[in-house]
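Have a look at input.txt below; it lists compact mmCIF, N, CA and C atoms.
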# COMPACT_ATOMS: atom_id res chain seq x y z
N MET A 1 -50.89 3.56 -133.96
CA MET A 1 -49.73 2.76 -134.30
C MET A 1 -50.12 1.60 -135.22
N LYS A 2 -51.26 0.93 -134.88
CA LYS A 2 -51.70 -0.19 -135.71
C LYS A 2 -52.03 0.27 -137.12
N ARG A 3 -52.62 1.45 -137.23
CA ARG A 3 -52.96 1.98 -138.55
C ARG A 3 -51.70 2.24 -139.38
N LEU A 4 -50.66 2.71 -138.73
CA LEU A 4 -49.41 2.97 -139.42
C LEU A 4 -48.81 1.66 -139.95
N ILE A 5 -48.86 0.62 -139.15
CA ILE A 5 -48.33 -0.67 -139.57
C ILE A 5 -49.14 -1.23 -140.74
N LEU A 6 -50.44 -1.03 -140.73
CA LEU A 6 -51.29 -1.52 -141.83
C LEU A 6 -51.14 -0.67 -143.08
N ALA A 7 -50.91 0.63 -142.91
CA ALA A 7 -50.82 1.54 -144.05
C ALA A 7 -49.46 1.46 -144.74
N LEU A 8 -48.40 1.09 -144.02
CA LEU A 8 -47.05 1.07 -144.58
C LEU A 8 -46.93 0.11 -145.77
N PRO A 9 -47.37 -1.16 -145.69
CA PRO A 9 -47.27 -2.04 -146.86
C PRO A 9 -48.08 -1.53 -148.05
N LEU A 10 -49.22 -0.93 -147.79
CA LEU A 10 -50.04 -0.39 -148.86
C LEU A 10 -49.32 0.77 -149.55
N ALA A 11 -48.72 1.64 -148.77
CA ALA A 11 -47.99 2.77 -149.34
C ALA A 11 -46.80 2.29 -150.15
N LEU A 12 -46.09 1.29 -149.66
CA LEU A 12 -44.94 0.75 -150.41
C LEU A 12 -45.38 0.10 -151.71
N ALA A 13 -46.53 -0.56 -151.70
CA ALA A 13 -47.02 -1.21 -152.92
C ALA A 13 -47.40 -0.18 -153.98
N ILE A 14 -47.90 0.95 -153.56
CA ILE A 14 -48.30 2.00 -154.50
C ILE A 14 -47.08 2.72 -155.06
N VAL A 15 -46.08 2.97 -154.23
CA VAL A 15 -44.90 3.74 -154.62
C VAL A 15 -43.88 2.88 -155.36
N ALA A 16 -43.79 1.61 -155.06
CA ALA A 16 -42.75 0.74 -155.63
C ALA A 16 -42.95 0.58 -157.14
N PRO A 17 -41.84 0.56 -157.90
CA PRO A 17 -41.95 0.33 -159.35
C PRO A 17 -42.39 -1.11 -159.62
N PRO A 18 -42.98 -1.36 -160.78
CA PRO A 18 -43.41 -2.73 -161.08
C PRO A 18 -42.21 -3.66 -161.17
N ALA A 19 -42.37 -4.85 -160.67
CA ALA A 19 -41.29 -5.82 -160.67
C ALA A 19 -41.31 -6.63 -161.96
N LEU A 20 -40.13 -6.89 -162.50
CA LEU A 20 -40.00 -7.73 -163.68
C LEU A 20 -39.16 -8.94 -163.30
N ALA A 21 -39.62 -10.09 -163.67
CA ALA A 21 -38.89 -11.32 -163.36
C ALA A 21 -38.38 -11.92 -164.66
N ALA A 22 -37.14 -12.35 -164.63
CA ALA A 22 -36.53 -12.99 -165.80
C ALA A 22 -35.69 -14.16 -165.31
N PHE A 23 -35.68 -15.21 -166.10
CA PHE A 23 -34.83 -16.36 -165.78
C PHE A 23 -33.47 -16.11 -166.43
N ILE A 24 -32.44 -15.96 -165.63
CA ILE A 24 -31.10 -15.62 -166.12
C ILE A 24 -30.14 -16.73 -165.71
N PHE A 25 -29.38 -17.20 -166.71
CA PHE A 25 -28.44 -18.29 -166.48
C PHE A 25 -27.15 -17.96 -167.21
N ARG A 26 -26.03 -18.00 -166.51
CA ARG A 26 -24.75 -17.65 -167.11
C ARG A 26 -23.83 -18.86 -167.15
N VAL A 27 -23.24 -19.08 -168.33
CA VAL A 27 -22.24 -20.13 -168.51
C VAL A 27 -21.05 -19.48 -169.19
N GLY A 28 -19.97 -19.29 -168.43
CA GLY A 28 -18.79 -18.64 -169.00
C GLY A 28 -19.12 -17.24 -169.45
N ASP A 29 -18.87 -16.94 -170.75
CA ASP A 29 -19.13 -15.62 -171.31
C ASP A 29 -20.51 -15.54 -171.95
N THR A 30 -21.30 -16.60 -171.85
CA THR A 30 -22.63 -16.64 -172.45
C THR A 30 -23.69 -16.51 -171.37
N VAL A 31 -24.69 -15.66 -171.65
CA VAL A 31 -25.78 -15.43 -170.71
C VAL A 31 -27.09 -15.78 -171.42
N TYR A 32 -27.90 -16.62 -170.78
CA TYR A 32 -29.22 -16.97 -171.30
C TYR A 32 -30.26 -16.24 -170.46
N VAL A 33 -31.10 -15.45 -171.13
CA VAL A 33 -32.14 -14.68 -170.45
C VAL A 33 -33.47 -15.04 -171.10
N ASP A 34 -34.33 -15.71 -170.35
CA ASP A 34 -35.64 -16.13 -170.84
C ASP A 34 -35.54 -16.83 -172.19
N GLY A 35 -34.55 -17.70 -172.33
CA GLY A 35 -34.40 -18.50 -173.54
C GLY A 35 -33.62 -17.84 -174.65
N LYS A 36 -33.20 -16.60 -174.47
CA LYS A 36 -32.41 -15.92 -175.50
C LYS A 36 -30.95 -15.90 -175.07
N ARG A 37 -30.06 -16.00 -176.06
CA ARG A 37 -28.62 -16.08 -175.79
C ARG A 37 -27.95 -14.74 -176.05
N TYR A 38 -27.14 -14.29 -175.09
CA TYR A 38 -26.40 -13.04 -175.21
C TYR A 38 -24.96 -13.29 -174.77
N SER A 39 -24.04 -12.44 -175.27
CA SER A 39 -22.69 -12.45 -174.71
C SER A 39 -22.75 -11.64 -173.41
N TRP A 40 -21.71 -11.76 -172.58
CA TRP A 40 -21.72 -11.06 -171.29
C TRP A 40 -21.76 -9.56 -171.51
N GLU A 41 -21.03 -9.06 -172.52
CA GLU A 41 -21.01 -7.62 -172.78
C GLU A 41 -22.38 -7.12 -173.24
N GLU A 42 -23.04 -7.88 -174.13
CA GLU A 42 -24.38 -7.50 -174.58
C GLU A 42 -25.36 -7.46 -173.40
N TRP A 43 -25.26 -8.47 -172.54
CA TRP A 43 -26.18 -8.54 -171.41
C TRP A 43 -25.96 -7.39 -170.44
N LYS A 44 -24.70 -7.00 -170.21
CA LYS A 44 -24.45 -5.87 -169.31
C LYS A 44 -25.09 -4.60 -169.86
N LYS A 45 -25.02 -4.38 -171.18
CA LYS A 45 -25.64 -3.20 -171.79
C LYS A 45 -27.15 -3.24 -171.63
N ILE A 46 -27.75 -4.40 -171.88
CA ILE A 46 -29.20 -4.54 -171.77
C ILE A 46 -29.65 -4.40 -170.32
N ARG A 47 -28.89 -5.01 -169.41
CA ARG A 47 -29.24 -4.96 -167.99
C ARG A 47 -29.19 -3.53 -167.46
N ASP A 48 -28.17 -2.76 -167.88
CA ASP A 48 -28.00 -1.41 -167.38
C ASP A 48 -28.95 -0.41 -168.05
N ASN A 49 -29.47 -0.75 -169.23
CA ASN A 49 -30.36 0.15 -169.95
C ASN A 49 -31.64 -0.61 -170.31
N PRO A 50 -32.67 -0.59 -169.46
CA PRO A 50 -33.89 -1.37 -169.69
C PRO A 50 -34.62 -1.01 -170.99
N GLU A 51 -34.39 0.17 -171.57
CA GLU A 51 -35.05 0.55 -172.82
C GLU A 51 -34.58 -0.32 -173.98
N LEU A 52 -33.41 -0.95 -173.87
CA LEU A 52 -32.90 -1.80 -174.94
C LEU A 52 -33.57 -3.16 -174.97
N ARG A 53 -34.24 -3.52 -173.89
CA ARG A 53 -34.91 -4.82 -173.85
C ARG A 53 -36.02 -4.87 -174.88
N GLU A 54 -36.18 -6.01 -175.49
CA GLU A 54 -37.26 -6.19 -176.46
C GLU A 54 -38.57 -6.29 -175.71
N PRO A 55 -39.61 -5.66 -176.22
CA PRO A 55 -40.91 -5.77 -175.54
C PRO A 55 -41.43 -7.20 -175.61
N GLN A 56 -42.10 -7.61 -174.56
CA GLN A 56 -42.67 -8.96 -174.52
C GLN A 56 -43.87 -8.99 -175.45
N PRO A 57 -44.03 -10.07 -176.22
CA PRO A 57 -45.18 -10.14 -177.12
C PRO A 57 -46.49 -10.16 -176.33
N ALA A 58 -47.46 -9.49 -176.88
CA ALA A 58 -48.77 -9.45 -176.23
C ALA A 58 -49.42 -10.82 -176.31
N ALA A 59 -50.29 -11.08 -175.39
CA ALA A 59 -51.00 -12.36 -175.41
C ALA A 59 -51.83 -12.46 -176.69
N ALA A 60 -51.92 -13.65 -177.22
CA ALA A 60 -52.66 -13.85 -178.45
C ALA A 60 -54.13 -13.49 -178.25
N ALA A 61 -54.70 -12.90 -179.27
CA ALA A 61 -56.11 -12.53 -179.19
C ALA A 61 -56.96 -13.78 -179.13
N PRO A 62 -58.04 -13.74 -178.39
CA PRO A 62 -58.90 -14.91 -178.31
C PRO A 62 -59.41 -15.31 -179.70
N VAL A 63 -59.45 -16.59 -179.94
CA VAL A 63 -59.90 -17.10 -181.23
C VAL A 63 -61.42 -17.13 -181.25
N ALA A 64 -61.98 -16.60 -182.33
CA ALA A 64 -63.43 -16.64 -182.46
C ALA A 64 -63.85 -18.05 -182.85
N GLY A 65 -65.01 -18.44 -182.43
CA GLY A 65 -65.50 -19.76 -182.79
C GLY A 65 -65.34 -20.75 -181.65
N PRO A 66 -65.52 -22.02 -181.98
CA PRO A 66 -65.48 -23.05 -180.92
C PRO A 66 -64.08 -23.21 -180.34
N ARG A 67 -64.03 -23.58 -179.07
CA ARG A 67 -62.75 -23.81 -178.40
C ARG A 67 -62.46 -25.28 -178.20
N ALA A 68 -63.45 -26.13 -178.47
CA ALA A 68 -63.26 -27.58 -178.33
C ALA A 68 -64.09 -28.29 -179.39
N ALA A 69 -63.61 -29.47 -179.79
CA ALA A 69 -64.32 -30.27 -180.80
C ALA A 69 -63.86 -31.72 -180.65
N ALA A 70 -64.53 -32.59 -181.38
CA ALA A 70 -64.16 -34.01 -181.41
C ALA A 70 -64.06 -34.44 -182.86
N CYS A 71 -63.05 -35.24 -183.18
CA CYS A 71 -62.84 -35.74 -184.53
C CYS A 71 -62.76 -37.26 -184.46
N THR A 72 -63.53 -37.94 -185.32
CA THR A 72 -63.64 -39.40 -185.28
C THR A 72 -63.34 -39.99 -186.65
N THR A 73 -62.68 -41.14 -186.67
CA THR A 73 -62.45 -41.84 -187.94
C THR A 73 -63.77 -42.38 -188.45
N ALA A 74 -63.87 -42.50 -189.77
CA ALA A 74 -65.12 -42.98 -190.37
C ALA A 74 -65.22 -44.50 -190.32
N ILE A 75 -64.09 -45.20 -190.31
CA ILE A 75 -64.10 -46.67 -190.29
C ILE A 75 -63.28 -47.16 -189.10
N TYR A 76 -63.32 -48.46 -188.88
CA TYR A 76 -62.58 -49.08 -187.77
C TYR A 76 -61.19 -49.50 -188.24
N TYR A 77 -60.19 -49.34 -187.35
CA TYR A 77 -58.80 -49.67 -187.65
C TYR A 77 -58.25 -50.61 -186.59
N ASP A 78 -57.25 -51.43 -186.99
CA ASP A 78 -56.59 -52.28 -186.00
C ASP A 78 -55.36 -51.61 -185.41
N GLU A 79 -54.98 -50.45 -185.94
CA GLU A 79 -53.90 -49.63 -185.37
C GLU A 79 -54.23 -48.18 -185.68
N PHE A 80 -53.52 -47.27 -185.00
CA PHE A 80 -53.83 -45.85 -185.18
C PHE A 80 -53.66 -45.46 -186.64
N PRO A 81 -54.60 -44.67 -187.21
CA PRO A 81 -54.56 -44.32 -188.63
C PRO A 81 -53.29 -43.54 -189.02
N SER A 82 -52.95 -43.62 -190.31
CA SER A 82 -51.76 -42.93 -190.82
C SER A 82 -52.00 -41.41 -190.87
N GLU A 83 -50.95 -40.66 -191.18
CA GLU A 83 -51.01 -39.19 -191.20
C GLU A 83 -52.01 -38.65 -192.21
N ASP A 84 -52.20 -39.35 -193.34
CA ASP A 84 -53.07 -38.83 -194.38
C ASP A 84 -54.55 -39.22 -194.19
N GLU A 85 -54.86 -39.94 -193.15
CA GLU A 85 -56.24 -40.36 -192.89
C GLU A 85 -57.05 -39.16 -192.38
N ARG A 86 -58.26 -39.02 -192.89
CA ARG A 86 -59.12 -37.90 -192.50
C ARG A 86 -60.05 -38.30 -191.35
N PHE A 87 -60.28 -37.34 -190.48
CA PHE A 87 -61.19 -37.49 -189.34
C PHE A 87 -62.40 -36.60 -189.59
N GLN A 88 -63.58 -37.08 -189.24
CA GLN A 88 -64.80 -36.27 -189.32
C GLN A 88 -64.89 -35.48 -188.02
N CYS A 89 -64.83 -34.15 -188.12
CA CYS A 89 -64.77 -33.31 -186.93
C CYS A 89 -66.09 -32.57 -186.70
N SER A 90 -66.41 -32.40 -185.43
CA SER A 90 -67.59 -31.63 -185.05
C SER A 90 -67.27 -30.14 -185.13
N ALA A 91 -68.17 -29.30 -184.70
CA ALA A 91 -68.01 -27.84 -184.67
C ALA A 91 -67.82 -27.27 -186.08
N ASP A 92 -68.45 -27.93 -187.08
CA ASP A 92 -68.40 -27.48 -188.48
C ASP A 92 -66.97 -27.39 -189.03
N LEU A 93 -66.08 -28.25 -188.55
CA LEU A 93 -64.71 -28.26 -189.08
C LEU A 93 -64.58 -29.14 -190.32
N GLY A 94 -65.47 -30.12 -190.48
CA GLY A 94 -65.44 -30.98 -191.65
C GLY A 94 -64.45 -32.13 -191.51
N MET A 95 -64.01 -32.66 -192.68
CA MET A 95 -63.06 -33.77 -192.72
C MET A 95 -61.64 -33.19 -192.75
N LEU A 96 -60.83 -33.54 -191.75
CA LEU A 96 -59.47 -33.00 -191.65
C LEU A 96 -58.47 -34.11 -191.32
N THR A 97 -57.24 -33.97 -191.82
CA THR A 97 -56.15 -34.85 -191.40
C THR A 97 -55.57 -34.30 -190.10
N ARG A 98 -54.73 -35.07 -189.45
CA ARG A 98 -54.12 -34.57 -188.21
C ARG A 98 -53.28 -33.33 -188.47
N GLY A 99 -52.57 -33.31 -189.61
CA GLY A 99 -51.77 -32.14 -189.96
C GLY A 99 -52.61 -30.89 -190.14
N GLN A 100 -53.76 -31.04 -190.80
CA GLN A 100 -54.65 -29.89 -190.99
C GLN A 100 -55.24 -29.42 -189.67
N ILE A 101 -55.51 -30.35 -188.77
CA ILE A 101 -56.01 -29.98 -187.44
C ILE A 101 -54.99 -29.10 -186.73
N MET A 102 -53.70 -29.50 -186.78
CA MET A 102 -52.64 -28.73 -186.13
C MET A 102 -52.44 -27.37 -186.81
N GLU A 103 -52.50 -27.34 -188.14
CA GLU A 103 -52.32 -26.08 -188.88
C GLU A 103 -53.39 -25.05 -188.53
N LYS A 104 -54.57 -25.50 -188.21
CA LYS A 104 -55.66 -24.60 -187.87
C LYS A 104 -55.59 -24.13 -186.41
N GLY A 105 -54.55 -24.51 -185.70
CA GLY A 105 -54.37 -24.03 -184.33
C GLY A 105 -54.97 -24.90 -183.25
N TRP A 106 -55.39 -26.11 -183.60
CA TRP A 106 -55.97 -27.02 -182.61
C TRP A 106 -54.87 -27.90 -182.05
N LYS A 107 -55.06 -28.36 -180.83
CA LYS A 107 -54.14 -29.35 -180.24
C LYS A 107 -54.96 -30.54 -179.77
N VAL A 108 -54.35 -31.71 -179.83
CA VAL A 108 -55.04 -32.93 -179.43
C VAL A 108 -54.87 -33.10 -177.93
N ASP A 109 -55.99 -33.15 -177.22
CA ASP A 109 -55.98 -33.30 -175.77
C ASP A 109 -56.10 -34.75 -175.33
N PHE A 110 -56.82 -35.54 -176.12
CA PHE A 110 -57.12 -36.90 -175.68
C PHE A 110 -57.45 -37.74 -176.91
N VAL A 111 -56.99 -38.99 -176.91
CA VAL A 111 -57.33 -39.94 -177.98
C VAL A 111 -58.10 -41.09 -177.33
N GLU A 112 -59.29 -41.36 -177.86
CA GLU A 112 -60.13 -42.43 -177.31
C GLU A 112 -60.28 -43.53 -178.35
N LYS A 113 -60.14 -44.77 -177.93
CA LYS A 113 -60.39 -45.93 -178.79
C LYS A 113 -61.81 -46.39 -178.56
N VAL A 114 -62.63 -46.33 -179.61
CA VAL A 114 -64.04 -46.69 -179.49
C VAL A 114 -64.23 -48.08 -180.10
N PRO A 115 -64.63 -49.09 -179.31
CA PRO A 115 -64.81 -50.43 -179.85
C PRO A 115 -66.07 -50.50 -180.73
N PRO A 116 -66.11 -51.48 -181.65
CA PRO A 116 -67.30 -51.61 -182.50
C PRO A 116 -68.48 -52.15 -181.70
N PRO A 117 -69.70 -51.93 -182.20
CA PRO A 117 -70.87 -52.51 -181.52
C PRO A 117 -70.79 -54.03 -181.56
N SER A 118 -71.53 -54.66 -180.70
CA SER A 118 -71.44 -56.12 -180.57
C SER A 118 -71.87 -56.87 -181.82
N ASP A 119 -72.67 -56.26 -182.70
CA ASP A 119 -73.12 -56.95 -183.90
C ASP A 119 -72.15 -56.81 -185.08
N GLN A 120 -71.03 -56.07 -184.91
CA GLN A 120 -70.04 -55.92 -185.97
C GLN A 120 -68.80 -56.75 -185.67
N GLN A 121 -68.02 -56.98 -186.73
CA GLN A 121 -66.77 -57.73 -186.58
C GLN A 121 -65.83 -56.97 -185.65
N ALA A 122 -65.24 -57.66 -184.68
CA ALA A 122 -64.40 -57.01 -183.68
C ALA A 122 -62.92 -57.23 -183.93
N GLN A 123 -62.55 -58.04 -184.94
CA GLN A 123 -61.13 -58.31 -185.23
C GLN A 123 -60.85 -58.08 -186.70
N SER A 124 -59.62 -57.63 -186.95
CA SER A 124 -59.17 -57.44 -188.33
C SER A 124 -58.75 -58.79 -188.90
N PRO A 125 -58.51 -58.87 -190.21
CA PRO A 125 -58.00 -60.11 -190.78
C PRO A 125 -56.66 -60.55 -190.18
N ARG A 126 -55.93 -59.59 -189.61
CA ARG A 126 -54.66 -59.93 -188.95
C ARG A 126 -54.87 -60.45 -187.54
N GLY A 127 -56.12 -60.48 -187.08
CA GLY A 127 -56.42 -61.00 -185.74
C GLY A 127 -56.32 -59.96 -184.64
N MET A 128 -56.17 -58.69 -185.01
CA MET A 128 -56.07 -57.62 -184.01
C MET A 128 -57.43 -56.98 -183.79
N PRO A 129 -57.69 -56.46 -182.60
CA PRO A 129 -58.99 -55.82 -182.34
C PRO A 129 -59.16 -54.54 -183.16
N LEU A 130 -60.38 -54.25 -183.56
CA LEU A 130 -60.69 -53.06 -184.35
C LEU A 130 -61.25 -51.96 -183.46
N PHE A 131 -60.90 -50.72 -183.78
CA PHE A 131 -61.39 -49.56 -183.03
C PHE A 131 -61.60 -48.39 -183.98
N LYS A 132 -62.56 -47.53 -183.66
CA LYS A 132 -62.63 -46.19 -184.23
C LYS A 132 -61.79 -45.33 -183.30
N TYR A 133 -61.17 -44.32 -183.84
CA TYR A 133 -60.35 -43.42 -183.02
C TYR A 133 -61.01 -42.05 -182.97
N LYS A 134 -61.14 -41.54 -181.76
CA LYS A 134 -61.78 -40.24 -181.54
C LYS A 134 -60.73 -39.31 -180.91
N LEU A 135 -60.50 -38.17 -181.55
CA LEU A 135 -59.58 -37.16 -181.04
C LEU A 135 -60.40 -36.06 -180.39
N VAL A 136 -60.11 -35.74 -179.15
CA VAL A 136 -60.73 -34.59 -178.49
C VAL A 136 -59.73 -33.47 -178.62
N ILE A 137 -60.13 -32.37 -179.29
CA ILE A 137 -59.20 -31.28 -179.59
C ILE A 137 -59.69 -29.98 -178.96
N SER A 138 -58.75 -29.06 -178.76
CA SER A 138 -59.11 -27.75 -178.20
C SER A 138 -58.11 -26.71 -178.69
N ARG A 139 -58.44 -25.46 -178.45
CA ARG A 139 -57.54 -24.35 -178.80
C ARG A 139 -56.96 -23.77 -177.56
Using the file provided, produce a representation of the structure as structure tokens.
Amino acid sequence: MKRLILALPLALAIVAPPALAAFIFRVGDTVYVDGKRYSWEEWKKIRDNPELREPQPAAAAPVAGPRAAACTTAIYYDEFPSEDERFQCSADLGMLTRGQIMEKGWKVDFVEKVPPPSDQQAQSPRGMPLFKYKLVISR
């Protein structure tokens, strides 16, 4: 009897069709399914005929090369650098602007303010503290 109780869930797991989960939200005649908008009639057709559903995109292929790097400004700033300022990046990425970093598929995980050494000027002419900015990026 105990074996039957243990074997029943295993048998059901093998025989049962794969489960698909979707987030479905209906407002009036509009149905939102996993972020896509359908009319109620379109959704009924798709729901009743699973072959009409669009295939889910495959996971992106792993990117070759480094998965993390650090990019640092060459000089000290009293505020975060502008969009066109270049950062010196590790992992053989070279000098890149923030826009170029994003275009290459990197995302900024952390921004660190690095103070100057004690023998260098610590304030800008405006009286604000100076920092180098270091971006920690990853894919």
Given only C-alpha atoms as the counted atoms, nearest of A:Ile46, A:Val111, A:Val27, A:Cys71 to A:Thr97: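 For A:Thr97, the nearest of the candidates is A:Cys71.
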Out of A:Arg126, A:Pro66, A:Gln121, A:Lys107, which residue has the shortest atom-to-atom distance to A:Asp92 when counting only C-alpha atoms? A:Pro66
How many Å separate atom N of A:Glu42 from atom C of A:Asp29?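 Interatomic distance, atom N of A:Glu42 to atom C of A:Asp29: 8.4 Å.
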Counting all atoms listed in the file, figure out which residue out of A:Ser118, A:Thr30, A:Gln88, A:Ser138 gets nearest to A:Ala74.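 Among the listed residues, the smallest separation from A:Ala74 belongs to A:Gln88.
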Record the distance separating atom CA of A:Glu85 and atom CA of A:Asp119, expressed in Å with one decimal. 25.3 Å
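Counting from atom N of A:Ser90, the distance to atom CA of A:Ala69 is 5.5 Å.
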Any idea what's packed within 7 Å of A:Ile75, counting only N, CA and C atoms, ignoring anything in its chain fewer than 5 positions away? Could you give it as a ChimeraX atom specification? /A:131-133
Which residue is closest to A:Ser124? Choose from A:Trp106, A:Leu96, A:Tyr77, A:Phe87 and count all atoms listed in the file.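 Closest residue, counting all atoms listed in the file: A:Tyr77.
Per DSSP on the backbone, strand (DSSP E) in stretch 77-126 of chain A comprises A:Phe87, A:Gln88, A:Cys89, A:Gly94, A:Met95, A:Leu96, A:Lys107, A:Val108, A:Asp109, A:Phe110, A:Val111, A:Glu112, A:Lys113, A:Val114.
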